[in-house]
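Peer 1: input.txt is reproduced below (compact mmCIF, C-alpha atoms).
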# COMPACT_ATOMS: atom_id res chain seq x y z
CA MET X 1238 209.43 126.82 104.46
CA PRO X 1239 209.11 124.10 101.82
CA ALA X 1240 205.74 123.35 100.27
CA PRO X 1241 203.73 120.54 101.91
CA LEU X 1242 204.71 117.12 100.63
CA VAL X 1243 201.20 115.69 100.87
CA ASP X 1244 197.71 117.17 100.67
CA ARG X 1245 197.17 116.98 104.41
CA PRO X 1246 200.17 118.18 106.43
CA GLY X 1247 201.24 115.67 109.03
CA GLU X 1248 199.77 112.71 107.16
CA SER X 1249 201.39 109.56 108.48
CA ARG X 1250 202.13 106.36 106.66
CA ALA X 1251 199.62 104.47 108.75
CA ASP X 1252 196.59 106.54 107.65
CA ALA X 1253 197.72 107.64 104.19
CA THR X 1254 195.88 106.38 101.14
CA GLY X 1255 197.14 105.74 97.64
CA PRO X 1256 195.77 108.95 96.06
CA ILE X 1257 197.23 111.13 98.80
CA ARG X 1258 200.62 109.49 98.54
CA GLY X 1259 200.43 109.94 94.78
CA ASN X 1260 200.47 113.72 95.29
CA VAL X 1261 203.90 113.87 96.90
CA ASP X 1262 206.61 116.21 95.68
CA ARG X 1263 208.47 113.43 93.90
CA ALA X 1264 211.63 115.45 93.32
CA ARG X 1265 211.95 116.25 97.00
CA ILE X 1266 211.27 112.70 98.10
CA LEU X 1267 213.71 111.38 95.51
CA GLY X 1268 216.26 113.72 97.09
CA HIS X 1269 215.58 112.09 100.44
CA TYR X 1270 215.94 108.66 98.87
CA ARG X 1271 219.30 109.68 97.40
CA THR X 1272 220.53 111.09 100.73
CA MET X 1273 219.46 108.03 102.68
CA ALA X 1274 220.98 105.70 100.09
CA ARG X 1275 224.29 107.59 100.37
CA VAL X 1276 224.23 107.31 104.17
CA ARG X 1277 223.47 103.58 103.99
CA ALA X 1278 226.16 102.97 101.36
CA PHE X 1279 228.74 104.92 103.39
CA GLU X 1280 228.03 102.99 106.55
CA GLU X 1281 228.00 99.60 104.88
CA ALA X 1282 231.35 100.43 103.24
CA ALA X 1283 232.72 101.69 106.56
CA ASP X 1284 231.58 98.48 108.23
CA ARG X 1285 233.41 96.36 105.66
CA ALA X 1286 236.50 98.54 106.03
CA LEU X 1287 236.36 98.12 109.81
CA GLN X 1288 236.25 94.34 109.47
CA ALA X 1289 239.28 94.58 107.15
CA GLY X 1290 241.21 96.56 109.77
CA HIS X 1291 241.28 99.90 107.95
CA VAL X 1292 239.17 101.98 110.35
CA LYS X 1293 240.81 103.56 113.39
CA GLY X 1294 238.62 103.40 116.47
CA ALA X 1295 235.03 102.35 117.00
CA VAL X 1296 232.20 102.80 114.52
CA HIS X 1297 228.55 103.27 115.52
CA LEU X 1298 226.20 102.69 112.58
CA SER X 1299 222.92 104.55 112.10
CA ILE X 1300 221.46 101.97 109.69
CA GLY X 1301 217.70 102.22 110.09
CA GLN X 1302 217.73 105.83 111.30
CA GLU X 1303 218.50 107.60 108.02
CA ALA X 1304 215.14 109.35 107.70
CA VAL X 1305 215.78 111.52 110.75
CA ALA X 1306 219.05 112.88 109.37
CA SER X 1307 217.65 113.51 105.90
CA GLY X 1308 214.27 114.84 107.00
CA VAL X 1309 215.75 117.34 109.44
CA CYS X 1310 218.83 118.53 107.56
CA VAL X 1311 216.96 119.23 104.30
CA ASN X 1312 215.29 122.11 106.15
CA LEU X 1313 218.55 123.67 107.33
CA ASP X 1314 220.62 126.27 105.51
CA ARG X 1315 224.26 125.52 104.78
CA GLY X 1316 225.32 128.13 107.34
CA ASP X 1317 223.17 126.66 110.11
CA PHE X 1318 224.97 124.55 112.67
CA ILE X 1319 224.47 120.97 113.75
CA VAL X 1320 225.95 119.05 116.66
CA SER X 1321 225.90 115.27 116.59
CA ASN X 1322 226.62 112.25 118.75
CA HIS X 1323 228.68 109.09 118.37
CA ARG X 1324 226.17 107.81 115.76
CA GLY X 1325 226.61 110.79 113.49
CA HIS X 1326 227.58 109.71 109.96
CA GLY X 1327 224.06 110.33 108.66
CA HIS X 1328 223.79 113.80 110.16
CA THR X 1329 227.17 114.78 108.75
CA LEU X 1330 226.45 113.55 105.23
CA ALA X 1331 222.93 115.01 105.20
CA LYS X 1332 224.35 118.40 106.20
CA GLY X 1333 226.56 118.34 103.09
CA ALA X 1334 229.91 116.94 104.18
CA ASP X 1335 232.12 115.28 101.58
CA MET X 1336 231.90 111.48 101.68
CA GLY X 1337 235.53 111.02 100.66
CA ALA X 1338 236.81 113.29 103.42
CA MET X 1339 234.62 111.47 105.91
CA MET X 1340 235.89 108.03 104.92
CA ALA X 1341 239.50 109.23 105.01
CA GLU X 1342 238.82 110.54 108.51
CA LEU X 1343 237.68 107.10 109.63
CA PHE X 1344 240.92 105.72 108.20
CA GLY X 1345 242.99 108.27 110.13
CA ARG X 1346 244.39 109.84 106.96
CA ALA X 1347 245.67 113.36 106.38
CA THR X 1348 242.93 114.05 103.81
CA GLY X 1349 240.23 113.38 106.38
CA ALA X 1350 237.74 116.02 107.44
CA CYS X 1351 239.77 116.50 110.63
CA GLN X 1352 243.11 115.44 109.16
CA GLY X 1353 242.71 112.04 110.75
CA LYS X 1354 242.46 113.35 114.30
CA GLY X 1355 238.78 112.85 114.98
CA GLY X 1356 237.77 109.52 113.55
CA SER X 1357 234.16 108.41 113.49
CA MET X 1358 233.07 109.59 116.94
CA HIS X 1359 234.60 113.07 116.74
CA ILE X 1360 234.20 113.97 113.10
CA ALA X 1361 233.48 117.62 112.30
CA ASP X 1362 233.24 119.81 109.21
CA PHE X 1363 232.96 123.52 109.92
CA GLN X 1364 232.57 124.28 106.19
CA VAL X 1365 229.05 122.86 106.31
CA GLY X 1366 228.28 123.92 109.87
CA MET X 1367 228.90 120.50 111.42
CA LEU X 1368 230.42 121.42 114.79
CA GLY X 1369 231.28 117.86 115.69
CA ALA X 1370 230.20 114.44 116.78
CA ASN X 1371 230.89 113.45 120.37
CA GLY X 1372 231.88 110.17 121.96
CA VAL X 1373 230.44 111.18 125.34
CA VAL X 1374 226.70 110.55 125.52
CA GLY X 1375 224.81 113.83 125.87
CA ALA X 1376 227.95 115.97 125.70
CA GLY X 1377 226.92 117.58 122.43
CA ILE X 1378 223.90 119.22 124.07
CA PRO X 1379 225.76 121.97 125.98
CA ILE X 1380 227.97 122.54 122.93
CA ALA X 1381 224.87 123.15 120.81
CA VAL X 1382 223.36 125.40 123.44
CA GLY X 1383 226.59 127.39 123.67
CA ALA X 1384 226.65 127.85 119.92
CA ALA X 1385 223.00 128.93 119.94
CA HIS X 1386 223.69 131.43 122.72
CA ALA X 1387 226.58 132.84 120.69
CA MET X 1388 224.25 133.28 117.71
CA LYS X 1389 221.71 135.13 119.84
CA LEU X 1390 224.29 137.43 121.43
CA ALA X 1391 225.74 138.26 118.01
CA GLY X 1392 222.35 138.85 116.43
CA ASP X 1393 223.22 136.12 113.93
CA PRO X 1394 220.14 134.62 112.20
CA ARG X 1395 221.63 131.11 112.03
CA ILE X 1396 220.18 128.34 114.17
CA VAL X 1397 221.59 125.20 115.78
CA THR X 1398 220.23 121.66 115.60
CA CYS X 1399 221.36 119.12 118.18
CA PHE X 1400 221.01 115.36 117.58
CA PHE X 1401 221.15 112.88 120.47
CA GLY X 1402 219.63 109.55 121.44
CA ASP X 1403 217.10 108.54 124.05
CA GLY X 1404 219.89 107.30 126.32
CA ALA X 1405 221.20 110.87 126.58
CA ILE X 1406 218.08 112.10 128.38
CA ASN X 1407 219.25 110.32 131.53
CA ARG X 1408 222.49 112.30 131.71
CA GLY X 1409 223.06 115.67 133.36
CA PRO X 1410 223.85 117.64 130.19
CA PHE X 1411 220.29 117.06 128.99
CA LEU X 1412 218.73 118.90 131.92
CA GLU X 1413 221.41 121.56 132.05
CA GLY X 1414 221.37 122.20 128.31
CA LEU X 1415 217.61 122.31 127.82
CA ASN X 1416 217.17 124.46 130.93
CA TRP X 1417 219.70 127.02 129.70
CA ALA X 1418 218.21 127.03 126.20
CA LYS X 1419 214.74 127.77 127.56
CA VAL X 1420 215.82 130.35 130.14
CA PHE X 1421 217.44 132.41 127.36
CA ASP X 1422 215.05 131.37 124.54
CA LEU X 1423 217.91 130.23 122.34
CA PRO X 1424 217.61 129.35 118.63
CA VAL X 1425 218.14 125.61 118.95
CA LEU X 1426 216.21 122.59 117.72
CA PHE X 1427 216.72 119.51 119.87
CA VAL X 1428 216.26 116.23 117.99
CA CYS X 1429 215.96 113.07 120.06
CA GLU X 1430 216.48 109.96 117.93
CA ASP X 1431 214.62 107.50 120.11
CA ASN X 1432 215.74 104.07 118.91
CA GLY X 1433 214.70 102.33 122.11
CA PHE X 1434 218.19 101.44 123.31
CA ALA X 1435 220.88 103.00 125.43
CA ALA X 1436 223.89 101.02 124.19
CA THR X 1437 222.79 97.45 124.98
CA THR X 1438 219.98 98.27 127.43
CA ARG X 1439 216.37 99.00 126.55
CA THR X 1440 215.93 102.63 127.47
CA ARG X 1441 212.51 102.11 129.03
CA ALA X 1442 214.10 99.82 131.62
CA VAL X 1443 216.25 102.65 132.97
CA THR X 1444 214.08 105.70 132.30
CA ALA X 1445 211.49 106.93 134.78
CA GLY X 1446 208.40 108.83 133.72
CA PRO X 1447 206.79 109.28 130.30
CA GLY X 1448 210.06 109.84 128.42
CA PRO X 1449 211.95 112.44 126.34
CA GLY X 1450 209.08 114.67 125.27
CA ALA X 1451 207.64 114.97 128.76
CA ARG X 1452 211.02 115.94 130.16
CA ALA X 1453 211.42 118.67 127.57
CA GLU X 1454 207.92 119.99 128.23
CA SER X 1455 208.58 120.03 131.99
CA LEU X 1456 211.12 122.75 131.19
CA GLY X 1457 208.67 124.67 129.02
CA ILE X 1458 210.06 123.46 125.67
CA PRO X 1459 207.33 122.28 123.27
CA SER X 1460 207.80 118.67 122.19
CA THR X 1461 206.55 117.28 118.89
CA PRO X 1462 206.49 113.52 118.27
CA VAL X 1463 207.08 112.06 114.82
CA ASP X 1464 207.47 108.69 113.15
CA GLY X 1465 211.21 108.75 112.62
CA ASN X 1466 211.04 106.12 109.88
CA ASP X 1467 208.69 108.22 107.73
CA VAL X 1468 210.90 110.72 105.93
CA LEU X 1469 207.87 112.75 104.78
CA ALA X 1470 206.63 113.14 108.32
CA VAL X 1471 210.09 114.06 109.60
CA ASP X 1472 210.57 116.59 106.79
CA GLN X 1473 207.22 118.29 107.35
CA THR X 1474 207.48 118.34 111.12
CA ALA X 1475 211.08 119.57 111.12
CA ALA X 1476 210.18 122.28 108.59
CA GLU X 1477 207.63 123.75 110.99
CA LEU X 1478 209.92 123.52 114.01
CA VAL X 1479 212.81 125.12 112.12
CA ARG X 1480 210.43 127.92 111.08
CA LEU X 1481 209.49 128.51 114.71
CA VAL X 1482 213.10 128.57 115.88
CA ARG X 1483 214.05 131.03 113.12
CA ALA X 1484 211.09 133.23 114.02
CA GLY X 1485 212.37 133.61 117.59
CA ALA X 1486 209.96 131.21 119.29
CA GLY X 1487 212.76 129.73 121.35
CA PRO X 1488 213.96 126.14 121.56
CA GLN X 1489 211.88 123.33 120.10
CA PHE X 1490 212.05 119.57 120.71
CA LEU X 1491 211.52 116.89 118.05
CA HIS X 1492 210.95 113.39 119.41
CA ALA X 1493 211.59 110.98 116.53
CA ARG X 1494 210.86 107.32 117.21
CA THR X 1495 213.02 105.04 115.11
CA TYR X 1496 215.02 101.81 115.43
CA ARG X 1497 218.65 100.95 114.83
CA LEU X 1498 218.94 97.79 112.81
CA ARG X 1499 222.50 97.00 113.84
CA GLY X 1500 224.16 96.62 117.22
CA HIS X 1501 225.41 99.44 119.40
CA THR X 1502 228.75 99.31 117.58
CA ALA X 1503 229.60 97.70 114.27
CA VAL X 1504 231.10 94.71 116.07
CA ASP X 1505 228.13 94.25 118.43
CA PRO X 1506 226.00 91.23 117.36
CA ALA X 1507 223.17 92.54 119.61
CA PRO X 1508 222.14 89.24 121.24
CA TYR X 1509 220.11 91.23 123.77
CA ARG X 1510 217.16 91.57 121.37
CA PRO X 1511 215.15 88.86 119.57
CA ALA X 1512 215.96 88.23 115.91
CA ALA X 1513 212.23 88.36 115.10
CA GLU X 1514 212.07 91.91 116.47
CA VAL X 1515 214.90 93.07 114.24
CA GLU X 1516 213.40 91.30 111.23
CA GLU X 1517 210.10 93.06 111.80
CA HIS X 1518 211.81 96.44 111.87
CA TRP X 1519 213.73 95.64 108.67
CA ARG X 1520 210.31 95.48 106.94
CA ASP X 1521 209.56 98.98 108.21
CA GLU X 1522 212.93 100.64 107.65
CA PRO X 1523 212.95 104.16 106.15
CA ILE X 1524 214.67 103.54 102.81
CA ARG X 1525 212.28 100.74 101.95
CA ARG X 1526 209.31 102.89 102.93
CA CYS X 1527 210.59 105.79 100.86
CA ARG X 1528 211.15 103.53 97.87
CA ASP X 1529 207.61 102.13 98.14
CA LEU X 1530 206.27 105.68 98.22
CA LEU X 1531 208.21 106.70 95.13
CA VAL X 1532 207.01 103.64 93.24
CA LEU X 1533 203.44 104.55 94.20
CA GLY X 1534 204.20 108.04 92.90
CA GLY X 1535 205.12 106.61 89.50
CA LEU X 1536 208.92 106.41 89.60
CA ASP X 1537 210.52 103.59 87.69
CA THR X 1538 212.28 101.01 89.83
CA ASP X 1539 215.27 101.08 87.45
CA GLU X 1540 215.79 104.74 88.32
CA LEU X 1541 215.69 103.94 92.02
CA ASP X 1542 218.15 101.09 91.51
CA ARG X 1543 220.51 103.55 89.80
CA VAL X 1544 220.33 105.85 92.81
CA VAL X 1545 221.48 103.00 95.05
CA ALA X 1546 224.17 101.92 92.58
CA ASP X 1547 225.49 105.48 92.34
CA ALA X 1548 225.64 105.73 96.14
CA GLU X 1549 227.51 102.44 96.41
CA ALA X 1550 229.95 103.50 93.69
CA GLU X 1551 230.58 106.79 95.51
CA ALA X 1552 231.26 104.91 98.74
CA ALA X 1553 233.63 102.53 96.96
CA ARG X 1554 235.58 105.51 95.55
CA ALA X 1555 235.72 107.02 99.02
CA VAL X 1556 237.25 103.82 100.39
CA ALA X 1557 239.79 103.56 97.58
CA ASP X 1558 240.78 107.22 97.87
CA GLY X 1559 241.00 106.98 101.64
CA LEU X 1560 243.28 103.97 101.54
CA ALA X 1561 245.49 105.70 98.99
CA ALA X 1562 245.77 108.88 101.06
CA PRO X 1563 248.83 109.51 103.24
CA HIS X 1564 248.87 109.24 106.99
CA PRO X 1565 249.31 112.60 108.75
CA GLU X 1566 252.80 113.82 109.55
CA ALA X 1567 253.78 113.36 113.19
CA ASP X 1568 254.15 117.11 113.69
CA LEU X 1569 250.42 117.53 112.98
CA ALA X 1570 249.79 116.20 116.48
CA TRP X 1571 250.96 119.55 117.86
CA THR X 1572 248.52 121.65 115.82
CA ASP X 1573 245.04 122.57 117.05
CA VAL X 1574 246.26 122.04 120.63
CA GLN X 1575 245.62 124.69 123.23
CA ASP X 1576 248.66 126.24 124.97
CA VAL X 1577 251.11 123.96 123.18
CA ASP X 1578 254.08 126.22 123.95
CA MET X 1579 253.36 126.67 127.64
CA PRO X 1580 255.80 125.02 130.07
CA GLY X 1581 254.62 121.56 131.02
CA ALA X 1582 252.28 121.22 128.05
CA GLY X 1583 252.38 120.24 124.42
CA ARG X 1584 255.61 119.15 122.73
CA PRO X 1585 257.98 117.01 124.79
CA GLU X 1586 260.75 119.58 124.33
CA ALA X 1587 258.48 122.25 125.82
CA ARG X 1588 258.44 120.27 129.05
CA ALA X 1589 262.25 119.98 129.27
Kindly return the structure encoded in the file as structure tokens.
Peer 2:
Amino acid sequence: MPAPLVDRPGESRADATGPIRGNVDRARILGHYRTMARVRAFEEAADRALQAGHVKGAVHLSIGQEAVASGVCVNLDRGDFIVSNHRGHGHTLAKGADMGAMMAELFGRATGACQGKGGSMHIADFQVGMLGANGVVGAGIPIAVGAAHAMKLAGDPRIVTCFFGDGAINRGPFLEGLNWAKVFDLPVLFVCEDNGFAATTRTRAVTAGPGPGARAESLGIPSTPVDGNDVLAVDQTAAELVRLVRAGAGPQFLHARTYRLRGHTAVDPAPYRPAAEVEEHWRDEPIRRCRDLLVLGGLDTDELDRVVADAEAEAARAVADGLAAPHPEADLAWTDVQDVDMPGAGRPEARA
């Protein structure tokens, strides 16, 4: 478990004072700043590429939610698994995936992480334990639980972390997955990124009861709330929950309250929420808060500007390399397909 980042574990931004914040582990927080800057730069570049017609399929941006991805994934080992949702660029990058391969995947190129087959909503990278994003809301939950059950049956010490949004708690896989995880005390950390919206609907308008944490606790899974825009708080809280899961304490639930600063998709102007509300949340977004903390800790603003510039340059290279990469050969469509040679399935000639 990493050393505490502040003198009093669990210290939140709201009640932290200058001297306490001055005692942060600056190297670790700078690492978070770098990770979040890379996620932001990737998504802004992907957004521009989408507008230019280079991206294949829809793109769901996680701008404003970067602290959850960075704060959780920093506590995972490379061999641990994660399962993501349709808003999964941040999780994938924070787990260690290559930015260039990710961008090429969005462009549908052969050099993509999934050879151009997955795109944004179904990106995966088994080399870093990223089992896949999922375009079906909540569908990643049973996949994560299945992976965790496999780890337990095999006596494998690796754990699984499952990211999903607050809209997913109203779908069947949430109940089924959490129930199964608790019944068999599986090594899985559930992370609910509660950004207040299910697509274009405020989640509270369609959710009965007290919300995500209460539903998890009704199944006997401990729920821990955290300010999802405070990367220190996410890091510290996730560190403890990961420790518990590794120690065999069974599934844990992290309820991270955050806010997405862009629409449901990159082309959604989000007219369903007041501009003043979004502007207020821009003042409280995680990268800005992390930067303020580092400045309080004595870091030079020029150094922080270089971190952002480096991230933007990396994203620009990823775009250029992705556009220069070849499209996949047509025959690639018949690989990674189950029962391709069975009569009536797969290649057209197999059905003749």
Peer 1: With all atoms listed in the file as the atoms that count, which of X:Leu1530, X:Ala1381, X:Ala1555, X:Ala1391 lies nearest to Ala1282 in chain X?
Peer 2: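 The answer is X:Ala1555, which sits nearest to Ala1282 in chain X.
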Peer 1: As an MDAnalysis selection string, please: the residues near range 1458-1474 of chain X (cut-off 8 Å, only C-alpha atoms, same-chain neighbours under 4 positions excluded).
Peer 2: chainID X and resid 1241:1242 1246:1250 1266 1269 1301:1305 1307:1309 1311:1312 1415 1419 1430 1450:1451 1453:1454 1478 1488:1495 1521:1523 1526:1527
Peer 1: Would you save the residues from that selection as a compact mmCIF listing (two decimals), keeping the file's coordinate frame, using C-alpha atoms?
Peer 2:
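Saved file again32.txt follows:
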# COMPACT_ATOMS: atom_id res chain seq x y z
CA PRO X 1241 203.73 120.54 101.91
CA LEU X 1242 204.71 117.12 100.63
CA PRO X 1246 200.17 118.18 106.43
CA GLY X 1247 201.24 115.67 109.03
CA GLU X 1248 199.77 112.71 107.16
CA SER X 1249 201.39 109.56 108.48
CA ARG X 1250 202.13 106.36 106.66
CA ILE X 1266 211.27 112.70 98.10
CA HIS X 1269 215.58 112.09 100.44
CA GLY X 1301 217.70 102.22 110.09
CA GLN X 1302 217.73 105.83 111.30
CA GLU X 1303 218.50 107.60 108.02
CA ALA X 1304 215.14 109.35 107.70
CA VAL X 1305 215.78 111.52 110.75
CA SER X 1307 217.65 113.51 105.90
CA GLY X 1308 214.27 114.84 107.00
CA VAL X 1309 215.75 117.34 109.44
CA VAL X 1311 216.96 119.23 104.30
CA ASN X 1312 215.29 122.11 106.15
CA LEU X 1415 217.61 122.31 127.82
CA LYS X 1419 214.74 127.77 127.56
CA GLU X 1430 216.48 109.96 117.93
CA GLY X 1450 209.08 114.67 125.27
CA ALA X 1451 207.64 114.97 128.76
CA ALA X 1453 211.42 118.67 127.57
CA GLU X 1454 207.92 119.99 128.23
CA LEU X 1478 209.92 123.52 114.01
CA PRO X 1488 213.96 126.14 121.56
CA GLN X 1489 211.88 123.33 120.10
CA PHE X 1490 212.05 119.57 120.71
CA LEU X 1491 211.52 116.89 118.05
CA HIS X 1492 210.95 113.39 119.41
CA ALA X 1493 211.59 110.98 116.53
CA ARG X 1494 210.86 107.32 117.21
CA THR X 1495 213.02 105.04 115.11
CA ASP X 1521 209.56 98.98 108.21
CA GLU X 1522 212.93 100.64 107.65
CA PRO X 1523 212.95 104.16 106.15
CA ARG X 1526 209.31 102.89 102.93
CA CYS X 1527 210.59 105.79 100.86
Peer 1: My list of candidates is X:Gly1366, X:Gly1446, X:Gly1409, X:Pro1565. Which is closest to Phe1318 in chain X when distances are computed with all atoms listed in the file?
Peer 2: X:Gly1366
Peer 1: Quick one, how far is CA of Gly1487 in chain X from CA of Pro1394 in chain X?
Peer 2: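 Between CA of Gly1487 in chain X and CA of Pro1394 in chain X the gap works out to 12.7 Å.
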Peer 1: What is the distance between CA of Ala1278 in chain X and CA of Asp1505 in chain X, in Å to one decimal?
Peer 2: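 Atom-to-atom, CA of Ala1278 in chain X and CA of Asp1505 in chain X are spaced 19.3 Å apart.
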Peer 1: From the list X:Pro1424, X:Phe1344, X:Glu1566, X:Leu1456, which residue is nearest Leu1412 in chain X when using only C-alpha atoms?
Peer 2: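 Smallest distance to Leu1412 in chain X is found for X:Leu1456.
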Peer 1: Give me, please, the distance in Å between CA of Ala1550 in chain X and CA of Gly1294 in chain X, quoted to one decimal.
Peer 2: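 So the answer is 24.4 Å.
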Peer 1: Find the residues of range 1368-1473 of chain X that sit at most 9 Å from range 1323-1329 of chain X; for each, write down the nearest two atoms and how far apart they are in Å, to one decimal. Count all atoms listed in the file. Sort by chain, then by number going up, and give it as CSV.
Peer 2:
residue,atom,partner,partner_atom,distance
X:Gly1369,CA,X:Thr1329,CA,8.6
X:Ala1370,CA,X:His1323,CA,5.8
X:Asn1371,CA,X:His1323,CA,5.3
X:Gly1372,CA,X:His1323,CA,4.9
X:Val1373,CA,X:His1323,CA,7.5
X:Val1374,CA,X:His1323,CA,7.6
X:Phe1400,CA,X:His1328,CA,8.1
X:Phe1401,CA,X:Arg1324,CA,8.5
X:Gly1402,CA,X:Arg1324,CA,8.8
Peer 1: So which one's closest to Ala1264 in chain X, X:Leu1536, X:Leu1423, X:Ala1387, X:Val1515? Using only C-alpha atoms, please.
Peer 2: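 Of all the options, X:Leu1536 lies closest to Ala1264 in chain X.
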Peer 1: Can you pull out every residue within 12 Å of Gln1364 in chain X, counting all atoms listed in the file, but drop anything in the same chain fewer than 3 positions away, and send it as a list in words?
Peer 2: Arg1315, Gly1316, Asp1317, Phe1318, Ile1319, Thr1329, Lys1332, Gly1333, Ala1334, Asp1335, Ala1350, Cys1351, Ala1361, Met1367, Leu1368 and Gly1369 of chain X
Peer 1: So that I can check the surroundings of Gly1433 in chain X, please list as a PyMOL selection string every protein, DNA and RNA residue that reaches within 8 Å of it, counting all atoms listed in the file and ignoring chain neighbours fewer than 5 positions away.
Peer 2: chain X and resi 1403+1439-1441+1494-1496
Peer 1: May I have the residues at most 10 Å from (223.5, 103.8, 104.7) in the file's coordinates, counting all atoms listed in the file, as a PyMOL selection string?
Peer 2: chain X and resi 1272-1283+1298-1303+1326-1327+1524+1545+1548-1549+1552
Peer 1: Convert the current residue selection to file output with C-alpha atoms, as a PDB file, in the frame of the given file.
Peer 2:
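Generated file (again_20.pdb):
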ATOM      1  CA  THR X1272     220.530 111.090 100.730  1.00  0.00           C
ATOM      2  CA  MET X1273     219.460 108.030 102.680  1.00  0.00           C
ATOM      3  CA  ALA X1274     220.980 105.700 100.090  1.00  0.00           C
ATOM      4  CA  ARG X1275     224.290 107.590 100.370  1.00  0.00           C
ATOM      5  CA  VAL X1276     224.230 107.310 104.170  1.00  0.00           C
ATOM      6  CA  ARG X1277     223.470 103.580 103.990  1.00  0.00           C
ATOM      7  CA  ALA X1278     226.160 102.970 101.360  1.00  0.00           C
ATOM      8  CA  PHE X1279     228.740 104.920 103.390  1.00  0.00           C
ATOM      9  CA  GLU X1280     228.030 102.990 106.550  1.00  0.00           C
ATOM     10  CA  GLU X1281     228.000  99.600 104.880  1.00  0.00           C
ATOM     11  CA  ALA X1282     231.350 100.430 103.240  1.00  0.00           C
ATOM     12  CA  ALA X1283     232.720 101.690 106.560  1.00  0.00           C
ATOM     13  CA  LEU X1298     226.200 102.690 112.580  1.00  0.00           C
ATOM     14  CA  SER X1299     222.920 104.550 112.100  1.00  0.00           C
ATOM     15  CA  ILE X1300     221.460 101.970 109.690  1.00  0.00           C
ATOM     16  CA  GLY X1301     217.700 102.220 110.090  1.00  0.00           C
ATOM     17  CA  GLN X1302     217.730 105.830 111.300  1.00  0.00           C
ATOM     18  CA  GLU X1303     218.500 107.600 108.020  1.00  0.00           C
ATOM     19  CA  HIS X1326     227.580 109.710 109.960  1.00  0.00           C
ATOM     20  CA  GLY X1327     224.060 110.330 108.660  1.00  0.00           C
ATOM     21  CA  ILE X1524     214.670 103.540 102.810  1.00  0.00           C
ATOM     22  CA  VAL X1545     221.480 103.000  95.050  1.00  0.00           C
ATOM     23  CA  ALA X1548     225.640 105.730  96.140  1.00  0.00           C
ATOM     24  CA  GLU X1549     227.510 102.440  96.410  1.00  0.00           C
ATOM     25  CA  ALA X1552     231.260 104.910  98.740  1.00  0.00           C
TER      26      ALA X1552
END
Peer 1: Which is closer to His1564 in chain X than all the others in X:Ala1286, X:Leu1313, X:Leu1267, X:Gln1352, using only C-alpha atoms?
Peer 2: X:Gln1352
Peer 1: Complete range 1481-1492 of chain X with N, CA and C atoms (output as a short mmCIF file (atom, residue, chain, number, x, y, z; two decimals), in the frame of the given file).
Peer 2:
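rebuild.cif, freshly written:
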data_model
loop_
_atom_site.label_atom_id
_atom_site.label_comp_id
_atom_site.auth_asym_id
_atom_site.auth_seq_id
_atom_site.Cartn_x
_atom_site.Cartn_y
_atom_site.Cartn_z
N LEU X 1481 209.74 127.91 113.40
CA LEU X 1481 209.49 128.51 114.71
C LEU X 1481 210.78 128.99 115.35
N VAL X 1482 211.82 128.17 115.29
CA VAL X 1482 213.10 128.57 115.88
C VAL X 1482 213.63 129.82 115.18
N ARG X 1483 213.57 129.85 113.86
CA ARG X 1483 214.05 131.03 113.12
C ARG X 1483 213.25 132.28 113.45
N ALA X 1484 211.97 132.09 113.75
CA ALA X 1484 211.09 133.23 114.02
C ALA X 1484 211.26 133.75 115.44
N GLY X 1485 212.13 133.12 116.24
CA GLY X 1485 212.37 133.61 117.59
C GLY X 1485 211.48 133.00 118.64
N ALA X 1486 210.87 131.85 118.33
CA ALA X 1486 209.96 131.21 119.29
C ALA X 1486 210.69 130.45 120.38
N GLY X 1487 212.00 130.44 120.33
CA GLY X 1487 212.76 129.73 121.35
C GLY X 1487 212.99 128.28 120.98
N PRO X 1488 213.59 127.53 121.88
CA PRO X 1488 213.96 126.14 121.56
C PRO X 1488 212.73 125.27 121.30
N GLN X 1489 212.91 124.31 120.41
CA GLN X 1489 211.88 123.33 120.10
C GLN X 1489 212.47 121.94 120.25
N PHE X 1490 211.60 120.95 120.45
CA PHE X 1490 212.05 119.57 120.71
C PHE X 1490 211.32 118.64 119.76
N LEU X 1491 212.09 117.87 118.97
CA LEU X 1491 211.52 116.89 118.05
C LEU X 1491 211.83 115.50 118.59
N HIS X 1492 210.78 114.74 118.88
CA HIS X 1492 210.95 113.39 119.41
C HIS X 1492 210.65 112.40 118.29
#
